[in-house]
$ cat data.cif   # mmCIF, C-alpha atoms
data_work
loop_
_atom_site.label_atom_id
_atom_site.label_comp_id
_atom_site.auth_asym_id
_atom_site.auth_seq_id
_atom_site.Cartn_x
_atom_site.Cartn_y
_atom_site.Cartn_z
CA MET T 59 13.49 12.98 -15.71
CA LEU T 60 14.38 13.89 -19.31
CA LYS T 61 17.89 12.52 -18.87
CA LEU T 62 16.46 9.26 -17.50
CA LYS T 63 14.14 8.86 -20.50
CA THR T 64 17.00 9.68 -22.91
CA ARG T 65 19.27 7.12 -21.29
CA GLN T 66 16.51 4.48 -21.27
CA ALA T 67 15.80 5.15 -24.94
CA ALA T 68 19.50 4.75 -25.77
CA GLU T 69 19.59 1.45 -23.86
CA ARG T 70 16.50 0.25 -25.72
CA THR T 71 18.17 1.13 -29.04
CA ALA T 72 21.30 -0.78 -28.11
CA ASP T 73 19.28 -3.72 -26.77
CA PRO T 74 15.49 -3.73 -27.50
CA GLU T 75 14.90 -6.08 -24.55
CA GLY T 76 16.56 -3.66 -22.13
CA ARG T 77 19.21 -6.17 -21.04
CA MET T 78 22.58 -5.19 -19.57
CA PRO T 79 25.53 -7.09 -18.08
CA LEU T 80 25.26 -8.29 -14.49
CA LEU T 81 27.96 -5.89 -13.29
CA GLU T 82 26.06 -2.98 -14.84
CA HIS T 83 22.92 -4.09 -12.97
CA LEU T 84 24.82 -4.27 -9.68
CA ARG T 85 26.44 -0.88 -10.29
CA GLU T 86 23.06 0.65 -11.12
CA LEU T 87 21.51 -0.92 -8.00
CA ARG T 88 24.34 0.40 -5.83
CA ASN T 89 23.92 3.94 -7.15
CA ARG T 90 20.16 3.88 -6.70
CA LEU T 91 20.42 2.48 -3.15
CA LEU T 92 23.04 5.08 -2.22
CA LYS T 93 20.84 7.94 -3.44
CA ALA T 94 17.79 6.49 -1.64
CA ILE T 95 19.73 6.09 1.64
CA LEU T 96 21.03 9.66 1.44
CA ALA T 97 17.47 10.92 0.88
CA ILE T 98 16.20 8.92 3.88
CA LEU T 99 19.04 10.27 6.06
CA ALA T 100 18.17 13.84 5.05
CA GLY T 101 14.50 13.16 5.85
CA THR T 102 15.52 11.64 9.21
CA ILE T 103 17.36 14.85 10.11
CA VAL T 104 14.20 16.79 9.31
CA GLY T 105 12.23 14.32 11.44
CA TRP T 106 14.61 14.82 14.36
CA LEU T 107 14.03 18.58 14.21
CA VAL T 108 10.22 18.33 14.08
CA PHE T 109 9.98 15.50 16.63
CA GLN T 110 7.94 17.34 19.26
CA PRO T 111 4.89 18.38 17.16
CA VAL T 112 4.78 14.92 15.55
CA TRP T 113 4.96 13.22 18.95
CA ASP T 114 2.20 15.46 20.29
CA PHE T 115 0.09 14.43 17.30
CA LEU T 116 0.74 10.71 17.82
CA LYS T 117 -0.04 10.69 21.52
CA GLU T 118 -3.21 12.81 21.20
CA PRO T 119 -5.59 9.77 20.92
CA TYR T 120 -4.23 8.46 24.23
CA CYS T 121 -4.24 11.84 25.98
CA ALA T 122 -7.89 12.35 25.00
CA LEU T 123 -8.87 9.48 27.31
CA ASP T 124 -9.65 10.08 30.96
CA VAL T 125 -7.58 7.06 31.97
CA SER T 126 -4.45 8.75 30.58
CA LYS T 127 -4.52 11.34 33.39
CA ASP T 128 -2.75 10.79 36.67
CA LEU T 129 -4.63 10.32 39.95
CA ASN T 130 -5.08 14.09 40.24
CA GLY T 131 -6.67 14.15 36.78
CA GLU T 132 -4.19 16.69 35.43
CA THR T 133 -1.32 15.28 33.39
CA CYS T 134 -1.29 12.95 30.39
CA SER T 135 1.73 10.75 31.02
CA LEU T 136 3.51 7.92 29.24
CA VAL T 137 6.56 6.34 30.87
CA VAL T 138 9.93 5.07 29.71
CA ASN T 139 11.55 2.10 31.40
CA GLY T 140 15.17 2.54 30.41
CA ILE T 141 17.97 5.09 30.21
CA PHE T 142 18.16 5.02 26.42
CA SER T 143 14.44 4.54 25.74
CA SER T 144 13.76 8.24 25.20
CA PHE T 145 16.67 8.53 22.75
CA PHE T 146 15.54 5.52 20.73
CA LEU T 147 11.97 6.83 20.77
CA ARG T 148 13.11 10.08 19.17
CA LEU T 149 15.32 8.23 16.70
CA LYS T 150 12.52 5.83 15.72
CA ILE T 151 10.01 8.61 15.09
CA ALA T 152 12.63 10.65 13.21
CA LEU T 153 13.32 7.64 10.96
CA ILE T 154 9.61 7.15 10.29
CA ILE T 155 9.24 10.82 9.40
CA GLY T 156 12.32 10.52 7.18
CA LEU T 157 10.84 7.56 5.30
CA VAL T 158 7.59 9.43 4.71
CA VAL T 159 9.18 12.76 3.74
CA SER T 160 11.70 11.18 1.37
CA SER T 161 9.27 8.62 -0.09
CA PRO T 162 8.82 10.45 -3.44
CA PHE T 163 12.59 10.38 -4.00
CA TRP T 164 13.34 6.77 -2.99
CA LEU T 165 10.23 5.51 -4.78
CA PHE T 166 11.50 7.26 -7.91
CA GLN T 167 14.89 5.56 -7.48
CA LEU T 168 13.14 2.20 -7.23
CA TRP T 169 11.07 2.99 -10.31
CA ALA T 170 14.14 4.19 -12.25
CA PHE T 171 15.89 0.89 -11.54
CA VAL T 172 12.95 -1.31 -12.52
CA ALA T 173 11.49 0.70 -15.44
CA PRO T 174 14.11 -0.11 -18.12
CA GLY T 175 13.20 -3.80 -17.89
CA LEU T 176 9.46 -3.23 -18.31
CA TYR T 177 7.42 -3.13 -21.49
CA ARG T 178 5.21 -0.18 -22.26
CA GLY T 179 2.03 -1.97 -21.13
CA GLU T 180 3.66 -3.04 -17.87
CA ARG T 181 4.71 0.55 -17.22
CA ARG T 182 1.13 1.68 -17.71
CA TRP T 183 -0.07 -0.74 -15.01
CA THR T 184 2.71 0.50 -12.73
CA TYR T 185 1.58 4.10 -13.23
CA VAL T 186 -1.97 3.07 -12.29
CA PHE T 187 -0.71 1.26 -9.20
CA MET T 188 1.56 4.04 -7.95
CA GLY T 189 -0.99 6.76 -8.73
CA ALA T 190 -3.62 5.10 -6.54
CA ALA T 191 -1.44 3.35 -3.93
CA ILE T 192 -0.25 6.46 -2.12
CA PRO T 193 -3.72 8.10 -1.71
CA LEU T 194 -5.23 4.80 -0.57
CA PHE T 195 -2.46 4.28 1.98
CA LEU T 196 -2.93 7.81 3.33
CA VAL T 197 -6.71 7.33 3.61
CA GLY T 198 -6.13 4.07 5.49
CA THR T 199 -3.71 5.65 7.95
CA ALA T 200 -6.08 8.59 8.51
CA LEU T 201 -8.91 6.18 9.34
CA ALA T 202 -6.59 4.26 11.67
CA TYR T 203 -5.67 7.44 13.52
CA VAL T 204 -9.35 8.28 14.02
CA THR T 205 -10.10 4.81 15.43
CA VAL T 206 -6.98 4.38 17.61
CA ASP T 207 -8.69 5.82 20.66
CA LYS T 208 -11.68 3.46 20.29
CA GLY T 209 -9.62 0.34 20.99
CA LEU T 210 -7.70 2.10 23.74
CA GLU T 211 -10.92 3.27 25.37
CA ILE T 212 -12.38 -0.23 25.41
CA PHE T 213 -9.43 -2.00 26.99
CA LEU T 214 -8.18 0.79 29.24
CA GLY T 215 -11.75 1.29 30.41
CA PHE T 216 -11.26 -1.70 32.71
CA VAL T 217 -8.69 0.24 34.77
CA PRO T 218 -10.21 1.01 38.24
CA ASP T 219 -10.83 4.64 39.12
CA ASP T 220 -8.22 4.66 41.88
CA VAL T 221 -5.49 3.19 39.66
CA SER T 222 -3.19 5.13 37.32
CA ALA T 223 -2.33 3.38 34.04
CA LEU T 224 1.42 3.46 33.38
CA ILE T 225 1.69 2.80 29.64
CA THR T 226 5.23 2.59 28.31
CA VAL T 227 6.16 4.75 25.34
CA ASP T 228 7.45 1.76 23.37
CA HIS T 229 4.23 -0.17 23.91
CA TYR T 230 2.02 2.73 22.90
CA LEU T 231 4.10 3.69 19.86
CA GLY T 232 4.17 0.08 18.68
CA TYR T 233 0.39 -0.08 18.96
CA VAL T 234 -0.14 3.16 17.01
CA LEU T 235 2.33 2.25 14.26
CA ALA T 236 0.80 -1.23 13.91
CA MET T 237 -2.63 0.34 13.50
CA LEU T 238 -1.39 2.80 10.87
CA LEU T 239 0.43 0.10 8.88
CA VAL T 240 -2.38 -2.46 9.06
CA PHE T 241 -5.00 0.01 7.86
CA GLY T 242 -2.73 1.55 5.21
CA ILE T 243 -1.60 -1.77 3.72
CA THR T 244 -5.10 -3.31 3.86
CA PHE T 245 -6.48 -0.42 1.84
CA GLU T 246 -4.02 -1.41 -0.92
CA LEU T 247 -5.51 -4.90 -1.34
CA PRO T 248 -8.41 -3.88 -3.65
CA LEU T 249 -5.88 -2.09 -5.85
CA PHE T 250 -4.20 -5.43 -6.54
CA VAL T 251 -7.54 -6.72 -7.85
CA VAL T 252 -7.67 -3.90 -10.40
CA VAL T 253 -4.04 -4.35 -11.45
CA LEU T 254 -4.41 -8.13 -11.85
CA ASN T 255 -7.54 -7.55 -13.93
CA LEU T 256 -5.77 -4.99 -16.13
CA ALA T 257 -2.98 -7.51 -16.61
CA GLY T 258 -5.51 -10.14 -17.72
CA VAL T 259 -4.71 -12.46 -14.80
CA LEU T 260 -8.00 -12.07 -12.90
CA SER T 261 -11.37 -11.82 -14.63
CA SER T 262 -14.52 -10.23 -13.24
CA ASN T 263 -16.33 -13.59 -13.53
CA ARG T 264 -13.81 -15.21 -11.22
CA ILE T 265 -14.12 -12.30 -8.78
CA ARG T 266 -17.91 -12.65 -8.78
CA ARG T 267 -17.73 -16.40 -8.15
CA SER T 268 -15.38 -15.89 -5.19
CA GLN T 269 -17.10 -12.80 -3.80
CA ARG T 270 -18.61 -14.39 -0.68
CA MET T 271 -15.37 -16.10 0.27
CA ILE T 272 -13.42 -12.87 -0.25
CA ILE T 273 -15.80 -10.87 1.97
CA MET T 274 -15.61 -13.54 4.67
CA GLY T 275 -11.82 -13.49 4.36
CA ILE T 276 -11.77 -9.71 4.82
CA PHE T 277 -13.70 -10.01 8.08
CA VAL T 278 -11.41 -12.77 9.34
CA PHE T 279 -8.31 -10.83 8.34
CA SER T 280 -9.60 -7.67 10.03
CA ALA T 281 -10.27 -9.57 13.26
CA VAL T 282 -6.77 -11.08 13.27
CA ALA T 283 -4.71 -8.16 11.93
CA THR T 284 -5.97 -5.31 14.10
CA PRO T 285 -3.72 -4.99 17.20
CA SER T 286 -6.58 -4.37 19.63
CA ALA T 287 -8.89 -7.03 18.11
CA ASP T 288 -11.94 -5.19 19.38
CA PRO T 289 -15.16 -5.27 17.30
CA ILE T 290 -15.24 -1.52 16.62
CA THR T 291 -11.74 -1.44 15.16
CA MET T 292 -12.40 -4.65 13.23
CA LEU T 293 -15.53 -3.18 11.61
CA ALA T 294 -13.72 0.12 10.96
CA LEU T 295 -11.18 -1.85 8.93
CA ALA T 296 -13.46 -4.46 7.33
CA LEU T 297 -16.36 -2.32 6.07
CA PRO T 298 -14.30 0.26 4.10
CA THR T 299 -12.15 -2.57 2.69
CA ILE T 300 -15.26 -4.39 1.48
CA LEU T 301 -16.51 -1.16 -0.10
CA LEU T 302 -13.18 -0.68 -1.88
CA PHE T 303 -13.29 -4.32 -3.00
CA GLU T 304 -16.75 -3.83 -4.50
CA VAL T 305 -15.51 -0.74 -6.34
CA SER T 306 -12.53 -2.68 -7.68
CA ALA T 307 -14.80 -5.57 -8.75
CA PHE T 308 -17.03 -3.10 -10.62
CA LEU T 309 -14.00 -1.57 -12.35
CA ALA T 310 -12.86 -5.07 -13.32
CA PHE T 311 -16.31 -5.73 -14.77
CA LEU T 312 -16.18 -2.53 -16.84
CA ASN T 313 -12.68 -3.36 -18.05
CA ASP T 314 -13.74 -6.87 -19.13
CA ARG T 315 -16.70 -5.43 -21.02
CA ARG T 316 -14.44 -2.94 -22.77
CA ARG T 317 -11.98 -5.69 -23.61
CA ALA T 318 -14.75 -7.95 -24.92
CA ARG T 319 -15.92 -5.26 -27.35
CA HIS T 320 -12.45 -5.21 -28.93
CA ASP T 321 -11.73 -8.93 -28.59
CA PRO T 322 -14.71 -11.30 -28.97
CA TYR T 323 -12.68 -14.17 -27.43
CA ALA T 324 -11.50 -12.22 -24.37
CA GLY T 325 -14.00 -13.82 -22.01
CA LEU T 326 -13.09 -17.41 -22.89
CA SER T 327 -11.06 -19.54 -20.54
CA ASP T 328 -7.97 -21.41 -21.71
CA ASP T 329 -9.79 -24.75 -21.98
CA GLU T 330 -12.92 -23.35 -23.69
CA ALA T 331 -13.32 -23.63 -27.46
CA SER T 332 -13.84 -20.40 -29.36
CA PRO T 333 -16.99 -20.08 -31.53
CA LEU T 334 -16.57 -20.52 -35.29
CA ASP T 335 -18.21 -18.18 -37.75
CA LEU T 336 -18.93 -20.71 -40.50
CA ASP T 337 -20.53 -18.13 -42.80
CA ALA T 338 -17.38 -16.03 -42.72
CA ILE T 339 -15.23 -19.11 -43.40
CA ASP T 340 -17.40 -20.09 -46.40
CA ALA T 341 -17.19 -16.57 -47.74
CA GLU T 342 -13.37 -16.66 -47.49
CA LEU T 343 -13.28 -20.04 -49.23
CA ASP T 344 -15.50 -18.74 -52.02
CA LYS T 345 -13.17 -15.78 -52.51
CA GLY T 346 -10.20 -18.12 -52.67
CA GLY T 347 -11.93 -20.36 -55.19
CA THR T 348 -12.75 -17.50 -57.49
#
$ encode --input "data.cif" --output "structure tokens"
Amino acid sequence: MLKLKTRQAAERTADPEGRMPLLEHLRELRNRLLKAILAILAGTIVGWLVFQPVWDFLKEPYCALDVSKDLNGETCSLVVNGIFSSFFLRLKIALIIGLVVSSPFWLFQLWAFVAPGLYRGERRWTYVFMGAAIPLFLVGTALAYVTVDKGLEIFLGFVPDDVSALITVDHYLGYVLAMLLVFGITFELPLFVVVLNLAGVLSSNRIRRSQRMIIMGIFVFSAVATPSADPITMLALALPTILLFEVSAFLAFLNDRRRARHDPYAGLSDDEASPLDLDAIDAELDKGGT
């Protein structure tokens, strides 16, 4: 980390705007990508070794349902429909584990490539984003895991008692991963509101004027984006997202108030005239005349 900062400082001294030749950019990108790929491969090897406990964890929401048992009510079974399906299942889960385990390293490589071209204020916003993005994503995926069985229970509840549901592994894994990604990414959306406000792009007044439309949009998005599209899963996604949005709107309001105390013209739009302090202007003119 110290070497990175020293090198970036040297580059800034040579070129205050942080520019470098195109070939240097491509060489830097190649090195960063190579390091990130090696980290992901190492994480994938770890994922291959710990496949079984992770798979047991992923299939637990399905196995908790009565419909997952066979006709004798004993075994929780998912099926594969091809010779290589089990191999690709293990490889897919190992790759997902590798991406998660190695995420601190490849995210750092991404940051190290982008950071030299950012100003100090832009870096501060990036720190805020990265510091909150990972916890929010994890909270979203945890909520998705808790609610996975609700959608399964609703739709698999229509299976007759004398029928055994043969759910393929690929179908089930795709459903679970879609749930985790949808919830995790959706929980990042309010963070963009805060970052755009910190950057001065989005004001709290504009957020307040569009609040009803945004809340309606969250409900519509939750109904469309959730794989099961059942009302329980939709509400489980929409209500926490609305709560996070309200928190982000409140933080934007506090930030605009803080900014207004330091800049009296901060709340003005681009086409709005700023107020003139005529007394102050007269006083300056009097000083100039004397």
$ atom_distance --input "data.cif" --atom1 "atom CA of T:Met292" --atom2 "atom CA of T:Val227"
24.1 Å
$ resolve_selection --input "data.cif" --expression "the PyMOL selection byres ((chain T and resi 243) around 12)" --output "PDB file with C-alpha atoms, keeping the file's coordinate frame"
ATOM      1  CA  ALA T 191      -1.440   3.350  -3.930  1.00  0.00           C
ATOM      2  CA  ILE T 192      -0.250   6.460  -2.120  1.00  0.00           C
ATOM      3  CA  PRO T 193      -3.720   8.100  -1.710  1.00  0.00           C
ATOM      4  CA  LEU T 194      -5.230   4.800  -0.570  1.00  0.00           C
ATOM      5  CA  PHE T 195      -2.460   4.280   1.980  1.00  0.00           C
ATOM      6  CA  LEU T 196      -2.930   7.810   3.330  1.00  0.00           C
ATOM      7  CA  VAL T 197      -6.710   7.330   3.610  1.00  0.00           C
ATOM      8  CA  GLY T 198      -6.130   4.070   5.490  1.00  0.00           C
ATOM      9  CA  THR T 199      -3.710   5.650   7.950  1.00  0.00           C
ATOM     10  CA  ALA T 202      -6.590   4.260  11.670  1.00  0.00           C
ATOM     11  CA  LEU T 235       2.330   2.250  14.260  1.00  0.00           C
ATOM     12  CA  ALA T 236       0.800  -1.230  13.910  1.00  0.00           C
ATOM     13  CA  MET T 237      -2.630   0.340  13.500  1.00  0.00           C
ATOM     14  CA  LEU T 238      -1.390   2.800  10.870  1.00  0.00           C
ATOM     15  CA  LEU T 239       0.430   0.100   8.880  1.00  0.00           C
ATOM     16  CA  VAL T 240      -2.380  -2.460   9.060  1.00  0.00           C
ATOM     17  CA  PHE T 241      -5.000   0.010   7.860  1.00  0.00           C
ATOM     18  CA  GLY T 242      -2.730   1.550   5.210  1.00  0.00           C
ATOM     19  CA  THR T 244      -5.100  -3.310   3.860  1.00  0.00           C
ATOM     20  CA  PHE T 245      -6.480  -0.420   1.840  1.00  0.00           C
ATOM     21  CA  GLU T 246      -4.020  -1.410  -0.920  1.00  0.00           C
ATOM     22  CA  LEU T 247      -5.510  -4.900  -1.340  1.00  0.00           C
ATOM     23  CA  PRO T 248      -8.410  -3.880  -3.650  1.00  0.00           C
ATOM     24  CA  LEU T 249      -5.880  -2.090  -5.850  1.00  0.00           C
ATOM     25  CA  PHE T 250      -4.200  -5.430  -6.540  1.00  0.00           C
ATOM     26  CA  SER T 280      -9.600  -7.670  10.030  1.00  0.00           C
ATOM     27  CA  ALA T 283      -4.710  -8.160  11.930  1.00  0.00           C
ATOM     28  CA  THR T 284      -5.970  -5.310  14.100  1.00  0.00           C
ATOM     29  CA  LEU T 295     -11.180  -1.850   8.930  1.00  0.00           C
ATOM     30  CA  THR T 299     -12.150  -2.570   2.690  1.00  0.00           C
TER      31      THR T 299
END
$ resolve_selection --input "data.cif" --expression "the PyMOL selection byres ((chain T and resi 262) around 7)" --output "ChimeraX atom specification"
/T:260-261,263-266,307,310-311,314
$ resolve_selection --input "data.cif" --expression "the PyMOL selection byres ((chain T and resi 106-122) around 7)" --output "VMD selection string"
chain T and resid 102 to 105 123 to 124 126 134 148 152 206 to 207
$ atom_distance --input "data.cif" --atom1 "atom CA of T:Phe303" --atom2 "atom CA of T:Ile276"
9.6 Å
$ closest_residue --input "data.cif" --among "T:Leu256, T:Val217, T:Tyr185, T:Ile155" --to "T:Arg315" --atoms "only C-alpha atoms"
T:Leu256
$ atom_distance --input "data.cif" --atom1 "atom CA of T:Pro218" --atom2 "atom CA of T:Leu136"
17.8 Å
$ residues_around --input "data.cif" --residues "T:Pro162" --least-positions-apart "6" --cutoff "12 Å" --atoms "all atoms listed in the file" --output "PDB file with C-alpha atoms, in the coordinates of the input"
ATOM      1  CA  ALA T  94      17.790   6.490  -1.640  1.00  0.00           C
ATOM      2  CA  ALA T  97      17.470  10.920   0.880  1.00  0.00           C
ATOM      3  CA  ILE T  98      16.200   8.920   3.880  1.00  0.00           C
ATOM      4  CA  GLY T 101      14.500  13.160   5.850  1.00  0.00           C
ATOM      5  CA  GLY T 156      12.320  10.520   7.180  1.00  0.00           C
ATOM      6  CA  LEU T 168      13.140   2.200  -7.230  1.00  0.00           C
ATOM      7  CA  TRP T 169      11.070   2.990 -10.310  1.00  0.00           C
ATOM      8  CA  MET T 188       1.560   4.040  -7.950  1.00  0.00           C
ATOM      9  CA  GLY T 189      -0.990   6.760  -8.730  1.00  0.00           C
ATOM     10  CA  ILE T 192      -0.250   6.460  -2.120  1.00  0.00           C
TER      11      ILE T 192
END
$ residues_near_point --input "data.cif" --point "(-2.7, -4.7, -16.2)" --cutoff "10 Å" --atoms "all atoms listed in the file" --output "PDB file with C-alpha atoms, keeping the file's coordinate frame"
ATOM      1  CA  GLY T 179       2.030  -1.970 -21.130  1.00  0.00           C
ATOM      2  CA  GLU T 180       3.660  -3.040 -17.870  1.00  0.00           C
ATOM      3  CA  ARG T 181       4.710   0.550 -17.220  1.00  0.00           C
ATOM      4  CA  ARG T 182       1.130   1.680 -17.710  1.00  0.00           C
ATOM      5  CA  TRP T 183      -0.070  -0.740 -15.010  1.00  0.00           C
ATOM      6  CA  THR T 184       2.710   0.500 -12.730  1.00  0.00           C
ATOM      7  CA  VAL T 186      -1.970   3.070 -12.290  1.00  0.00           C
ATOM      8  CA  PHE T 187      -0.710   1.260  -9.200  1.00  0.00           C
ATOM      9  CA  PHE T 250      -4.200  -5.430  -6.540  1.00  0.00           C
ATOM     10  CA  VAL T 251      -7.540  -6.720  -7.850  1.00  0.00           C
ATOM     11  CA  VAL T 252      -7.670  -3.900 -10.400  1.00  0.00           C
ATOM     12  CA  VAL T 253      -4.040  -4.350 -11.450  1.00  0.00           C
ATOM     13  CA  LEU T 254      -4.410  -8.130 -11.850  1.00  0.00           C
ATOM     14  CA  ASN T 255      -7.540  -7.550 -13.930  1.00  0.00           C
ATOM     15  CA  LEU T 256      -5.770  -4.990 -16.130  1.00  0.00           C
ATOM     16  CA  ALA T 257      -2.980  -7.510 -16.610  1.00  0.00           C
ATOM     17  CA  GLY T 258      -5.510 -10.140 -17.720  1.00  0.00           C
ATOM     18  CA  VAL T 259      -4.710 -12.460 -14.800  1.00  0.00           C
ATOM     19  CA  LEU T 260      -8.000 -12.070 -12.900  1.00  0.00           C
TER      20      LEU T 260
END
$ closest_residue --input "data.cif" --among "T:Leu231, T:Phe279, T:Leu214, T:Gln269" --to "T:Phe308" --atoms "all atoms listed in the file"
T:Gln269
$ axis_aligned_box --input "data.cif" --around "stretch 96-100 of chain T" --padding-each-side "3 Å" --output "AutoDock Vina command-line options"
--center_x 18.6 --center_y 11.4 --center_z 3.5 --size_x 10.8 --size_y 10.9 --size_z 11.2
$ closest_residue --input "data.cif" --among "T:Ser135, T:Ser268, T:Ser161, T:Thr205" --to "T:Ile290" --atoms "only C-alpha atoms"
T:Thr205
$ closest_residue --input "data.cif" --among "T:Leu201, T:Ile225, T:Ala170, T:Val158" --to "T:Ala100" --atoms "all atoms listed in the file"
T:Val158
$ residues_around --input "data.cif" --residues "T:Ile212" --least-positions-apart "2" --cutoff "10 Å" --atoms "all atoms listed in the file" --output "list of chain:residue names"
T:Asp207, T:Lys208, T:Gly209, T:Leu210, T:Leu214, T:Gly215, T:Phe216, T:Ser286, T:Asp288, T:Pro289, T:Ile290
